[in-house]
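Asker: File coords15.cif below, mmCIF, C-alpha atoms:
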data_data
#
loop_
_atom_site.label_atom_id
_atom_site.label_comp_id
_atom_site.auth_asym_id
_atom_site.auth_seq_id
_atom_site.Cartn_x
_atom_site.Cartn_y
_atom_site.Cartn_z
CA MET A 17 -9.49 -23.36 -28.24
CA THR A 18 -8.12 -22.53 -24.84
CA GLN A 19 -8.06 -18.83 -23.97
CA PHE A 20 -6.81 -16.89 -21.00
CA LEU A 21 -8.75 -13.64 -20.62
CA ARG A 22 -7.31 -10.73 -18.67
CA PRO A 23 -9.92 -7.99 -19.11
CA PHE A 24 -9.76 -6.63 -15.56
CA GLY A 25 -7.52 -4.30 -13.64
CA PRO A 26 -5.71 -1.06 -14.42
CA THR A 27 -3.09 -0.47 -17.13
CA VAL A 28 0.20 1.18 -16.18
CA GLY A 29 1.88 2.94 -19.11
CA HIS A 30 5.68 2.75 -18.98
CA PHE A 31 7.44 5.17 -21.33
CA LYS A 32 11.07 6.23 -21.64
CA LEU A 33 12.17 9.84 -22.10
CA ASP A 34 15.10 10.55 -24.44
CA LYS A 35 18.31 12.31 -23.32
CA GLU A 36 17.15 15.75 -24.42
CA GLU A 37 13.83 15.41 -22.61
CA ILE A 38 15.57 14.26 -19.42
CA GLU A 39 17.93 17.27 -19.58
CA LEU A 40 14.97 19.64 -19.92
CA LEU A 41 13.28 18.20 -16.86
CA GLN A 42 16.54 18.25 -14.89
CA THR A 43 16.81 21.97 -15.69
CA VAL A 44 13.20 22.45 -14.54
CA ALA A 45 14.01 20.55 -11.32
CA GLU A 46 16.97 22.87 -10.62
CA GLN A 47 14.80 25.94 -11.18
CA THR A 48 12.08 24.44 -8.98
CA LYS A 49 14.57 23.86 -6.19
CA LYS A 50 15.69 27.51 -6.35
CA HIS A 51 12.11 28.83 -6.57
CA ARG A 52 11.16 26.74 -3.46
CA GLN A 53 7.38 26.79 -3.41
CA ASN A 54 6.71 24.02 -0.89
CA VAL A 55 3.36 22.33 -1.58
CA GLY A 56 3.85 19.50 0.93
CA LYS A 57 0.82 20.47 3.01
CA THR A 58 -1.42 19.39 0.10
CA LEU A 59 0.46 16.10 -0.37
CA VAL A 60 0.97 12.93 1.64
CA GLY A 61 4.71 12.35 1.22
CA ASN A 62 6.85 12.15 4.32
CA ILE A 63 9.35 14.16 2.32
CA LYS A 64 10.61 17.61 3.31
CA ASP A 65 10.93 19.00 -0.21
CA GLN A 66 7.77 18.52 -2.27
CA LEU A 67 7.88 21.63 -4.45
CA GLY A 68 5.48 23.17 -6.95
CA CYS A 69 7.04 22.78 -10.41
CA TYR A 70 8.47 26.05 -11.73
CA MET A 71 8.73 26.62 -15.50
CA GLN A 72 10.81 29.71 -16.25
CA THR A 73 9.61 30.50 -19.77
CA HIS A 74 6.63 29.92 -22.01
CA THR A 75 8.90 27.96 -24.35
CA GLN A 76 9.84 25.62 -21.52
CA THR A 77 6.17 25.02 -20.74
CA GLN A 78 5.48 24.22 -24.40
CA GLN A 79 8.45 21.82 -24.52
CA PHE A 80 7.15 20.14 -21.38
CA LEU A 81 3.66 19.72 -22.87
CA ASP A 82 5.27 18.31 -26.02
CA ILE A 83 6.86 15.60 -23.87
CA LEU A 84 3.50 14.72 -22.32
CA ARG A 85 1.20 14.87 -25.33
CA PRO A 86 2.34 11.79 -27.34
CA ARG A 87 2.57 9.61 -24.21
CA LEU A 88 -0.87 10.58 -22.90
CA LEU A 89 -2.33 10.03 -26.33
CA GLU A 90 -0.62 6.63 -26.70
CA TYR A 91 -2.07 5.55 -23.35
CA VAL A 92 -5.58 6.70 -24.27
CA GLU A 93 -5.42 5.13 -27.73
CA THR A 94 -4.00 1.83 -26.48
CA GLU A 95 -6.68 1.60 -23.81
CA PHE A 96 -9.41 2.42 -26.31
CA ASP A 97 -8.23 -0.38 -28.62
CA ARG A 98 -7.71 -2.88 -25.80
CA GLN A 99 -11.19 -2.35 -24.38
CA ASN A 100 -12.76 -2.23 -27.83
CA GLU A 101 -11.36 -5.67 -28.67
CA LEU A 102 -13.24 -7.09 -25.68
CA TYR A 103 -16.60 -6.07 -27.12
CA LEU A 104 -18.52 -8.53 -29.28
CA GLU A 105 -19.29 -5.64 -31.61
CA PRO A 106 -16.48 -3.06 -31.52
CA ILE A 107 -17.50 0.60 -31.55
CA GLU A 108 -16.28 3.10 -34.14
CA ARG A 109 -12.68 4.15 -33.59
CA LEU A 110 -12.05 7.78 -32.47
CA ASN A 111 -9.71 10.14 -34.27
CA PHE A 112 -6.51 10.02 -32.20
CA ASP A 113 -4.67 12.81 -34.03
CA GLN A 114 -2.43 14.92 -31.81
CA ASP A 115 -4.06 18.14 -33.03
CA LYS A 116 -7.44 16.89 -31.79
CA PHE A 117 -6.09 15.93 -28.37
CA GLY A 118 -6.18 18.25 -25.35
CA PHE A 119 -5.67 17.72 -21.61
CA ASP A 120 -6.03 19.62 -18.34
CA LEU A 121 -3.31 19.33 -15.68
CA GLY A 122 -5.31 21.11 -12.95
CA THR A 123 -3.01 22.83 -10.45
CA GLY A 124 -0.01 21.48 -12.36
CA PRO A 125 2.96 19.24 -11.62
CA TRP A 126 5.06 19.06 -8.48
CA ILE A 127 8.54 17.67 -7.87
CA ASN A 128 9.60 15.41 -4.99
CA PHE A 129 13.20 15.68 -3.80
CA GLN A 130 13.34 12.47 -1.74
CA THR A 131 16.32 11.89 0.57
CA ALA A 132 17.34 8.98 2.86
CA ASN A 133 14.54 7.48 5.01
CA GLU A 134 11.84 9.61 3.36
CA PHE A 135 8.85 7.89 1.73
CA ASN A 136 5.38 8.25 0.28
CA PRO A 137 2.74 6.28 2.22
CA VAL A 138 -0.04 4.46 0.36
CA HIS A 139 -2.19 6.94 -1.54
CA SER A 140 -4.09 7.58 -4.75
CA HIS A 141 -4.48 10.81 -6.71
CA ASP A 142 -7.26 13.12 -7.83
CA GLY A 143 -8.12 13.24 -11.49
CA LEU A 144 -8.49 10.76 -14.30
CA MET A 145 -4.91 9.71 -15.06
CA SER A 146 -1.79 10.40 -13.04
CA ALA A 147 1.89 10.33 -13.87
CA VAL A 148 5.29 9.96 -12.29
CA ILE A 149 8.38 10.99 -14.23
CA TYR A 150 11.77 9.99 -12.84
CA ILE A 151 14.03 12.98 -13.36
CA ASP A 152 17.10 11.75 -11.49
CA VAL A 153 17.36 8.37 -9.81
CA PRO A 154 20.90 7.59 -8.55
CA GLU A 155 21.97 4.15 -9.79
CA GLU A 156 23.37 3.15 -6.38
CA MET A 157 19.84 3.21 -4.94
CA ALA A 158 18.63 0.03 -6.65
CA LYS A 159 21.70 -1.86 -5.39
CA GLU A 160 21.18 -1.07 -1.71
CA VAL A 161 20.95 -4.06 0.67
CA TYR A 162 19.91 -2.98 4.13
CA THR A 163 19.87 -6.52 5.56
CA GLU A 164 20.39 -10.01 4.13
CA ASP A 165 17.73 -11.28 6.58
CA THR A 166 14.69 -10.59 4.42
CA LYS A 167 13.18 -11.89 1.23
CA ALA A 168 12.23 -8.39 0.01
CA GLN A 169 14.50 -5.52 -1.03
CA CYS A 170 12.68 -2.39 -2.16
CA PRO A 171 14.89 0.74 -1.79
CA GLY A 172 13.14 3.63 -3.53
CA HIS A 173 10.81 1.30 -5.43
CA ILE A 174 7.25 2.29 -6.32
CA GLU A 175 4.60 -0.35 -5.66
CA PHE A 176 1.08 -0.26 -7.13
CA MET A 177 -1.69 -2.06 -5.23
CA TYR A 178 -4.85 -3.53 -6.67
CA GLY A 179 -6.75 -6.22 -4.75
CA PRO A 180 -5.37 -9.32 -3.05
CA ASP A 181 -2.79 -11.74 -4.44
CA VAL A 182 -4.69 -14.89 -5.34
CA LEU A 183 -4.13 -17.56 -7.99
CA GLY A 184 -4.79 -15.82 -11.31
CA ALA A 185 -4.40 -12.24 -10.06
CA ASN A 186 -1.56 -9.99 -8.97
CA GLY A 187 -2.42 -7.80 -6.02
CA THR A 188 0.61 -5.56 -6.39
CA HIS A 189 3.25 -4.64 -8.92
CA THR A 190 6.63 -3.16 -8.09
CA ILE A 191 8.76 -1.04 -10.42
CA VAL A 192 12.42 -0.23 -9.84
CA PRO A 193 12.58 3.29 -11.30
CA GLU A 194 15.40 4.58 -13.49
CA THR A 195 16.12 8.10 -14.70
CA GLY A 196 13.86 8.87 -17.66
CA ASP A 197 11.05 6.45 -16.79
CA PHE A 198 7.59 7.93 -17.28
CA LEU A 199 4.68 6.06 -15.66
CA LEU A 200 1.04 6.77 -16.43
CA PHE A 201 -1.83 5.10 -14.54
CA PRO A 202 -5.45 5.61 -13.48
CA SER A 203 -5.52 8.20 -10.68
CA GLY A 204 -7.43 5.87 -8.32
CA LEU A 205 -4.70 3.20 -8.45
CA LYS A 206 -3.08 3.09 -5.01
CA HIS A 207 0.68 3.18 -4.73
CA THR A 208 3.47 3.71 -2.24
CA VAL A 209 7.13 4.72 -2.50
CA TYR A 210 9.63 3.04 -0.21
CA PRO A 211 12.53 4.72 1.58
CA PHE A 212 16.20 4.16 0.85
CA LYS A 213 19.30 4.65 3.01
CA GLY A 214 21.94 6.28 0.75
CA ASP A 215 23.12 9.88 0.96
CA TYR A 216 21.63 11.09 -2.32
CA THR A 217 18.43 12.62 -3.74
CA ARG A 218 15.84 10.77 -5.83
CA ILE A 219 14.01 13.36 -7.93
CA SER A 220 10.61 12.61 -9.44
CA MET A 221 7.79 14.69 -10.87
CA SER A 222 4.07 13.96 -10.53
CA PHE A 223 0.95 15.43 -12.04
CA ASN A 224 -2.70 14.60 -12.51
CA VAL A 225 -4.65 14.78 -15.74
CA ARG A 226 -8.07 16.06 -14.64
CA ASN A 227 -9.66 15.37 -18.02
CA TYR A 228 -8.75 14.99 -21.66
CA SER A 229 -10.54 15.67 -24.91
CA CYS A 230 -10.15 13.63 -28.03
CA ASP A 231 -12.10 13.89 -31.27
CA ASN A 232 -14.35 16.57 -29.69
CA MET A 233 -15.24 14.32 -26.75
CA THR A 234 -14.20 15.18 -23.15
CA VAL A 235 -13.46 12.41 -20.67
CA SER A 236 -13.17 12.97 -16.89
CA ARG A 237 -13.43 10.82 -13.77
CA ILE A 238 -17.05 9.97 -12.97
CA ASN A 239 -16.80 10.34 -9.20
CA MET B 13 -37.29 2.46 4.95
CA ASP B 14 -34.05 3.87 3.60
CA ASP B 15 -31.03 1.74 4.31
CA PHE B 16 -27.32 1.67 3.61
CA ILE B 17 -25.95 -1.81 3.07
CA ARG B 18 -22.25 -2.53 3.65
CA PRO B 19 -21.91 -6.28 3.10
CA TYR B 20 -18.50 -6.21 1.41
CA GLY B 21 -14.91 -6.03 2.53
CA PRO B 22 -12.87 -7.59 5.30
CA THR B 23 -13.47 -7.34 9.06
CA ILE B 24 -10.60 -6.38 11.39
CA PHE B 25 -10.86 -7.45 15.01
CA HIS B 26 -9.32 -5.01 17.50
CA GLY B 27 -8.91 -6.44 20.98
CA LYS B 28 -6.85 -5.44 24.02
CA LEU B 29 -4.61 -7.72 26.06
CA THR B 30 -4.99 -7.54 29.84
CA GLU B 31 -2.09 -6.17 31.92
CA GLU B 32 -1.22 -9.74 32.91
CA GLU B 33 -1.20 -10.87 29.29
CA ILE B 34 1.01 -7.92 28.28
CA THR B 35 3.53 -8.83 31.01
CA TYR B 36 3.47 -12.45 29.84
CA ILE B 37 3.95 -11.64 26.14
CA GLN B 38 6.77 -9.19 26.96
CA THR B 39 8.52 -12.02 28.77
CA VAL B 40 8.09 -14.16 25.63
CA ALA B 41 9.66 -11.32 23.60
CA ASP B 42 12.67 -11.15 25.97
CA GLU B 43 13.19 -14.91 25.79
CA THR B 44 12.77 -14.86 22.01
CA LEU B 45 15.54 -12.29 21.69
CA LYS B 46 17.84 -14.50 23.79
CA ALA B 47 16.95 -17.64 21.78
CA ASN B 48 17.90 -15.66 18.60
CA LYS B 49 16.22 -17.92 16.00
CA ARG B 50 16.43 -15.62 12.98
CA ILE B 51 13.78 -16.16 10.30
CA GLY B 52 13.99 -12.93 8.31
CA LYS B 53 14.74 -14.77 5.06
CA SER B 54 11.19 -16.15 5.04
CA LEU B 55 9.63 -12.71 5.67
CA VAL B 56 9.42 -9.42 3.79
CA GLY B 57 10.22 -6.89 6.53
CA ILE B 58 13.08 -4.49 5.84
CA MET B 59 14.29 -4.98 9.37
CA LYS B 60 17.24 -6.76 10.91
CA ASP B 61 15.54 -8.67 13.72
CA HIS B 62 12.68 -11.04 12.91
CA MET B 63 12.77 -13.98 15.32
CA GLU B 64 10.81 -17.18 15.70
CA ALA B 65 8.81 -16.70 18.92
CA HIS B 66 10.10 -18.70 21.87
CA VAL B 67 6.91 -19.90 23.57
CA THR B 68 7.22 -22.45 26.35
CA ASP B 69 3.81 -22.24 28.07
CA HIS B 70 1.75 -23.30 25.07
CA LYS B 71 -1.49 -23.64 27.02
CA LYS B 72 -1.35 -20.05 28.23
CA PHE B 73 -0.38 -18.72 24.80
CA LEU B 74 -3.10 -20.62 22.92
CA SER B 75 -5.73 -19.62 25.46
CA MET B 76 -4.86 -15.95 24.82
CA ILE B 77 -5.48 -16.47 21.11
CA ARG B 78 -8.53 -18.70 21.43
CA THR B 79 -10.72 -16.13 23.20
CA ARG B 80 -10.02 -13.55 20.45
CA LEU B 81 -10.46 -16.01 17.63
CA ILE B 82 -13.84 -17.11 19.02
CA SER B 83 -14.86 -13.46 19.23
CA TYR B 84 -13.86 -12.85 15.58
CA ALA B 85 -15.55 -16.02 14.27
CA LYS B 86 -18.73 -15.34 16.25
CA TYR B 87 -18.91 -11.71 15.08
CA GLU B 88 -18.50 -12.78 11.46
CA HIS B 89 -21.11 -15.53 11.85
CA ASP B 90 -23.65 -13.08 13.33
CA ARG B 91 -22.83 -10.34 10.81
CA ARG B 92 -23.38 -12.61 7.84
CA LYS B 93 -26.52 -14.06 9.38
CA ALA B 94 -27.98 -10.55 9.73
CA LEU B 95 -27.40 -9.96 6.01
CA THR B 96 -29.39 -13.03 5.02
CA PHE B 97 -33.05 -12.53 4.26
CA GLU B 98 -35.46 -14.63 6.28
CA GLY B 99 -36.35 -17.85 4.54
CA ASP B 100 -33.09 -18.20 2.57
CA GLY B 101 -32.44 -21.30 4.63
CA ILE B 102 -28.69 -21.10 4.24
CA VAL B 103 -27.76 -20.07 7.78
CA GLN B 104 -27.04 -22.74 10.33
CA ASP B 105 -29.00 -22.74 13.56
CA GLU B 106 -26.79 -20.93 16.11
CA SER B 107 -27.68 -23.41 18.83
CA GLU B 108 -25.76 -26.07 16.92
CA ILE B 109 -22.47 -24.22 17.26
CA ASP B 110 -20.28 -24.86 20.26
CA TRP B 111 -17.88 -21.89 20.11
CA GLU B 112 -15.85 -23.14 23.07
CA SER B 113 -14.84 -26.17 21.01
CA MET B 114 -12.73 -23.89 18.80
CA ALA B 115 -9.63 -25.65 17.45
CA PHE B 116 -7.06 -24.01 15.18
CA ASN B 117 -3.74 -24.57 13.46
CA LEU B 118 -0.93 -21.98 13.67
CA GLY B 119 1.29 -23.62 11.03
CA LYS B 120 4.95 -22.81 11.73
CA GLY B 121 3.91 -20.63 14.66
CA PRO B 122 4.34 -17.00 15.68
CA TRP B 123 7.29 -14.72 15.04
CA ILE B 124 8.35 -11.43 16.64
CA ASN B 125 9.49 -8.25 14.85
CA TYR B 126 11.92 -5.92 16.63
CA GLN B 127 11.54 -2.77 14.51
CA LYS B 128 14.09 0.06 14.82
CA ALA B 129 14.29 3.60 13.37
CA GLY B 130 14.10 3.60 9.55
CA GLU B 131 12.94 -0.04 9.36
CA TYR B 132 9.57 -0.99 7.91
CA GLN B 133 7.35 -3.67 6.39
CA PRO B 134 6.57 -3.17 2.70
CA CYS B 135 3.08 -3.95 1.42
CA HIS B 136 2.35 -7.67 1.86
CA GLN B 137 -0.25 -10.24 2.73
CA HIS B 138 0.04 -13.47 4.71
CA VAL B 139 -0.57 -17.11 4.06
CA GLY B 140 -3.37 -18.88 5.93
CA GLU B 141 -6.96 -17.92 6.58
CA ILE B 142 -6.81 -15.44 9.45
CA SER B 143 -3.70 -13.54 10.56
CA ALA B 144 -2.84 -11.59 13.68
CA VAL B 145 -0.61 -8.81 14.92
CA VAL B 146 -0.11 -8.41 18.65
CA TYR B 147 1.60 -5.21 19.79
CA ILE B 148 3.96 -6.23 22.57
CA ASP B 149 5.77 -2.95 23.22
CA ILE B 150 5.10 0.31 21.39
CA PRO B 151 7.14 3.23 22.76
CA GLU B 152 4.81 6.23 23.16
CA GLU B 153 7.30 8.61 21.51
CA ILE B 154 6.65 6.98 18.11
CA ALA B 155 3.04 8.16 17.73
CA GLN B 156 4.09 11.71 18.67
CA GLU B 157 6.78 12.01 16.00
CA GLU B 158 6.44 14.74 13.40
CA TYR B 159 9.04 14.38 10.68
CA THR B 160 7.92 17.43 8.68
CA LYS B 161 5.11 19.96 8.92
CA ASP B 162 5.07 20.06 5.12
CA SER B 163 2.87 17.00 4.65
CA ASN B 164 -0.79 16.25 5.18
CA ILE B 165 -0.07 12.75 6.45
CA ASN B 166 1.99 11.72 9.47
CA CYS B 167 2.17 7.95 9.97
CA PRO B 168 5.19 6.94 12.10
CA GLY B 169 5.08 3.24 12.97
CA GLN B 170 1.46 2.96 11.90
CA ILE B 171 -0.03 -0.08 10.19
CA GLU B 172 -2.17 0.56 7.12
CA PHE B 173 -4.56 -2.00 5.65
CA ILE B 174 -5.24 -1.73 1.92
CA TYR B 175 -8.39 -2.99 0.23
CA GLN B 176 -9.22 -2.03 -3.35
CA SER B 177 -9.94 1.53 -4.43
CA GLY B 178 -11.20 4.48 -2.43
CA ASP B 179 -14.01 5.58 -4.73
CA ILE B 180 -17.11 7.19 -3.23
CA GLY B 181 -18.92 4.81 -0.87
CA SER B 182 -15.81 2.73 -0.29
CA VAL B 183 -12.74 3.07 1.90
CA GLY B 184 -9.60 1.89 0.11
CA SER B 185 -7.30 1.82 3.11
CA HIS B 186 -7.45 2.08 6.87
CA LYS B 187 -4.65 3.26 9.14
CA PHE B 188 -4.25 2.18 12.71
CA ILE B 189 -2.00 3.72 15.38
CA PRO B 190 -0.87 0.75 17.45
CA ARG B 191 -0.48 0.83 21.22
CA THR B 192 1.00 -1.74 23.58
CA GLY B 193 -1.51 -4.55 24.11
CA ASP B 194 -3.47 -4.08 20.88
CA PHE B 195 -4.45 -7.38 19.25
CA LEU B 196 -5.55 -7.33 15.61
CA LEU B 197 -7.08 -10.22 13.64
CA PHE B 198 -7.84 -9.94 9.92
CA PRO B 199 -8.24 -12.11 6.82
CA SER B 200 -4.75 -13.30 5.77
CA ALA B 201 -5.13 -11.95 2.21
CA LEU B 202 -5.78 -8.39 3.44
CA LYS B 203 -2.75 -6.38 2.35
CA HIS B 204 -0.99 -4.18 4.86
CA ILE B 205 2.11 -2.12 5.38
CA ALA B 206 3.96 -0.99 8.54
CA TYR B 207 5.55 2.43 8.21
CA PRO B 208 8.99 3.44 9.50
CA PHE B 209 9.59 5.87 12.34
CA HIS B 210 12.55 8.13 13.11
CA THR B 211 12.98 8.04 16.91
CA LYS B 212 16.41 6.63 17.71
CA ASP B 213 17.11 4.11 20.47
CA VAL B 214 13.59 2.71 20.75
CA THR B 215 12.25 -0.65 19.54
CA ARG B 216 8.69 -1.28 18.37
CA ILE B 217 7.98 -4.93 19.19
CA SER B 218 5.12 -6.82 17.56
CA MET B 219 4.19 -10.47 17.13
CA SER B 220 2.51 -12.01 14.10
CA PHE B 221 1.06 -15.41 13.33
CA ASN B 222 -1.21 -17.07 10.80
CA ILE B 223 -4.18 -19.34 11.48
CA PHE B 224 -4.31 -21.88 8.67
CA ASP B 225 -7.64 -23.40 9.53
CA TRP B 226 -10.04 -23.41 12.42
CA SER B 227 -13.11 -25.37 13.37
CA VAL B 228 -15.85 -25.48 15.98
CA GLU B 229 -18.29 -28.27 16.49
CA GLY B 230 -21.23 -27.58 14.20
CA LYS B 231 -19.27 -25.37 11.80
CA ARG B 232 -16.03 -25.54 9.86
#
Take the structure in the file and write it out as structure tokens.
Answerer:
Amino acid sequence: MTQFLRPFGPTVGHFKLDKEEIELLQTVAEQTKKHRQNVGKTLVGNIKDQLGCYMQTHTQTQQFLDILRPRLLEYVETEFDRQNELYLEPIERLNFDQDKFGFDLGTGPWINFQTANEFNPVHSHDGLMSAVIYIDVPEEMAKEVYTEDTKAQCPGHIEFMYGPDVLGANGTHTIVPETGDFLLFPSGLKHTVYPFKGDYTRISMSFNVRNYSCDNMTVSRIN
Amino acid sequence: MDDFIRPYGPTIFHGKLTEEEITYIQTVADETLKANKRIGKSLVGIMKDHMEAHVTDHKKFLSMIRTRLISYAKYEHDRRKALTFEGDGIVQDESEIDWESMAFNLGKGPWINYQKAGEYQPCHQHVGEISAVVYIDIPEEIAQEEYTKDSNINCPGQIEFIYQSGDIGSVGSHKFIPRTGDFLLFPSALKHIAYPFHTKDVTRISMSFNIFDWSVEGKR
């Protein structure tokens, strides 16, 4: 039987937030903008407003963690099963119950308020897994055409890079973000965010998961 | 004896054009702009002016490339030879190679990018075996730009090469601040990106081309 094996390369989790979750994060973004704790000096973005995320109440923090928990767990569980299927003799499955799952967000999330001509150069993150949540992405952005004289259009897109493009392997993968998209990927996976031209603000949140624990086992990045 | 071995990853050649060569290639850029053969639709740059290079003195142009290509091929030959343990018997005798016999194929030929404020090249790789960027005119103001102090990276108009991950012991990307006359050669599959800049009323002019195959007598 013919088989095509694709065991290599990183997995990008793509989740969708519901309306209520988006509204919560939009409220957090407004508070963050007012609180104005600029953390740009610790980040690579060529973006003027990269602000430390500000949660106003304990309840808000708990609601935020409730948004993250099922998605992080789904990523971890899916990866466990995917890799386990590749073994000749699968190992015993962990207990992936939510109440046995914990995670550490280190110094916490930050929010990028990206405006025209701003961008994030190629970079990777610290930690084990990293996330981008698109809090508000104006719909006009994806329709921008700067020039017809090109075969690429990438206004405000995020592009992940992993090795060269050769027959049988993708070297990069581009995602056109929409409000409510939640991406989760290994922290070492390089990516870049392209500029756009329109007079609006593209708001996204990022954070790094330094380690997680599941079924009494803690996992962190080896290096 | 302790040793650190770095056999992996691509080699980038960084050469400098002479003053005479810079003057010549700037003339080519002026004539290219007049000839106005627009080829942006076959390229990925988010920029309005990509033109097919208008080269009339082919001998002079190819000679400029040949010396650098020989240097790259020779360096790679010697580097790989040094990595081979004595007695492996897989390295050709250097005396058999006539480097001056270098022949190469540029496919559809070079093109020139006239990059303005806010324009850029997204992450891409080239076709062919070895590719080149020649910096024809890089206004000095670009490298001195500082868009915001609230960032730990400032990269106006820089080129960044990207190669796998940046785990310990390995560099995942390498940035380069181009200056007029810089000549880079690298494997065509090595991904790279050219960042935008903000300075108005200046043009960053660079040429690119791909070498599809090359040969020297005694080696292919």
Asker: Evaluated on this file, the PyMOL selection byres ((chain A and resi 169) around 12) picks out some residues - which ones are they, written as a PyMOL selection string?
Answerer: (chain A and resi 157-168+170-174+190-192+210-213) or (chain B and resi 52-53+55-59+131-135)
Asker: What is the atom CA of B:Val139 to atom CA of B:Glu88 distance in Å?
Answerer: 19.9 Å
Asker: Once the PyMOL selection byres ((chain A) within 9 of (chain B)) has been evaluated on this model, what residues remain selected, and can you format them as a PyMOL selection string?
Answerer: chain A and resi 54-66+133-135+137-140+162-170+175+177-182+187-188+204-206+208+210-213+239
Asker: Restricting the calculation to only C-alpha atoms, which member of B:Asp213, B:Glu141, B:Asp90, B:Glu64 is positioned closest to B:Asp225?
Answerer: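 Of the candidates, the smallest distance to B:Asp225 is held by B:Glu141.
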Asker: Using the chain letters and numbers from the file, which residues does the PyMOL selection byres ((chain B and resi 229) around 10) grab, as JSON, numbers by chain?
Answerer: {"B": [108, 109, 110, 111, 112, 113, 114, 115, 227, 228, 230, 231, 232]}
Asker: Name all residues at most 10 Å from stretch 95-98 of chain A (count only C-alpha atoms; drop same-chain ones fewer than 6 positions away) and give them as a ChimeraX atom specification.
Answerer: /A:23,26-27,29,89,106-107,109-110
Asker: Can I get the selection written as a PDB file, keeping the file's coordinate frame, with C-alpha atoms?
Answerer:
ATOM      1  CA  PRO A  23      -9.920  -7.990 -19.110  1.00  0.00           C
ATOM      2  CA  PRO A  26      -5.710  -1.060 -14.420  1.00  0.00           C
ATOM      3  CA  THR A  27      -3.090  -0.470 -17.130  1.00  0.00           C
ATOM      4  CA  GLY A  29       1.880   2.940 -19.110  1.00  0.00           C
ATOM      5  CA  LEU A  89      -2.330  10.030 -26.330  1.00  0.00           C
ATOM      6  CA  PRO A 106     -16.480  -3.060 -31.520  1.00  0.00           C
ATOM      7  CA  ILE A 107     -17.500   0.600 -31.550  1.00  0.00           C
ATOM      8  CA  ARG A 109     -12.680   4.150 -33.590  1.00  0.00           C
ATOM      9  CA  LEU A 110     -12.050   7.780 -32.470  1.00  0.00           C
TER      10      LEU A 110
END
Asker: As a list in words, please: the residues near stretch 19-21 of chain B (cut-off 9 Å, only C-alpha atoms, same-chain neighbours under 6 positions excluded).
Answerer: Arg91, Arg92, Leu95 and Tyr175 of chain B
Asker: Atom CA of B:Ile148 and atom CA of B:Ile223 are how many Å apart?
Answerer: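 Answer for the atom CA of B:Ile148 to atom CA of B:Ile223 separation: 19.0 Å.
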Asker: To one decimal place, how far is atom CA of B:Gly169 from atom CA of B:Glu33 in Å?
Answerer: 22.5 Å
Asker: Mind listing as a PyMOL selection string all residues within 12 Å of (17.7, 17.3, -22.8), counting all atoms listed in the file?
Answerer: chain A and resi 33-44+76+79-80+83+151+196
Asker: Can you write just those residues out, C-alpha atoms, as an mmCIF file, in the coordinates of the input?
Answerer:
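Dumped everything to again32.cif:
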data_model
loop_
_atom_site.group_PDB
_atom_site.id
_atom_site.type_symbol
_atom_site.label_atom_id
_atom_site.label_comp_id
_atom_site.auth_asym_id
_atom_site.auth_seq_id
_atom_site.Cartn_x
_atom_site.Cartn_y
_atom_site.Cartn_z
ATOM 1 C CA LEU A 33 12.170 9.840 -22.100
ATOM 2 C CA ASP A 34 15.100 10.550 -24.440
ATOM 3 C CA LYS A 35 18.310 12.310 -23.320
ATOM 4 C CA GLU A 36 17.150 15.750 -24.420
ATOM 5 C CA GLU A 37 13.830 15.410 -22.610
ATOM 6 C CA ILE A 38 15.570 14.260 -19.420
ATOM 7 C CA GLU A 39 17.930 17.270 -19.580
ATOM 8 C CA LEU A 40 14.970 19.640 -19.920
ATOM 9 C CA LEU A 41 13.280 18.200 -16.860
ATOM 10 C CA GLN A 42 16.540 18.250 -14.890
ATOM 11 C CA THR A 43 16.810 21.970 -15.690
ATOM 12 C CA VAL A 44 13.200 22.450 -14.540
ATOM 13 C CA GLN A 76 9.840 25.620 -21.520
ATOM 14 C CA GLN A 79 8.450 21.820 -24.520
ATOM 15 C CA PHE A 80 7.150 20.140 -21.380
ATOM 16 C CA ILE A 83 6.860 15.600 -23.870
ATOM 17 C CA ILE A 151 14.030 12.980 -13.360
ATOM 18 C CA GLY A 196 13.860 8.870 -17.660
#
Asker: Could you check the closest approach to A:Arg52 for each of A:Glu101, A:Arg87, A:Trp126, A:Gln78 and tell me which residue wins, using only C-alpha atoms?
Answerer: A:Trp126
Asker: Counting only C-alpha atoms, I want the residues whose atoms come within 10 Å of (-5.2, -18.9, 10.3) in the file frame, returned as a PyMOL selection string.
Answerer: chain B and resi 81+116-119+138-144+197-200+221-226
Asker: Pick the closest to B:Pro190 from B:Ile154, B:Ala47, B:Met13, B:Val214: which is it, counting only C-alpha atoms?
Answerer: B:Ile154
Asker: So which one's closest to A:Asp142, A:Gln72, A:Gln19, A:Thr195, A:Thr123? Using all atoms listed in the file, please.
Answerer: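 Among A:Gln72, A:Gln19, A:Thr195, A:Thr123, it is A:Thr123 that comes nearest to A:Asp142.
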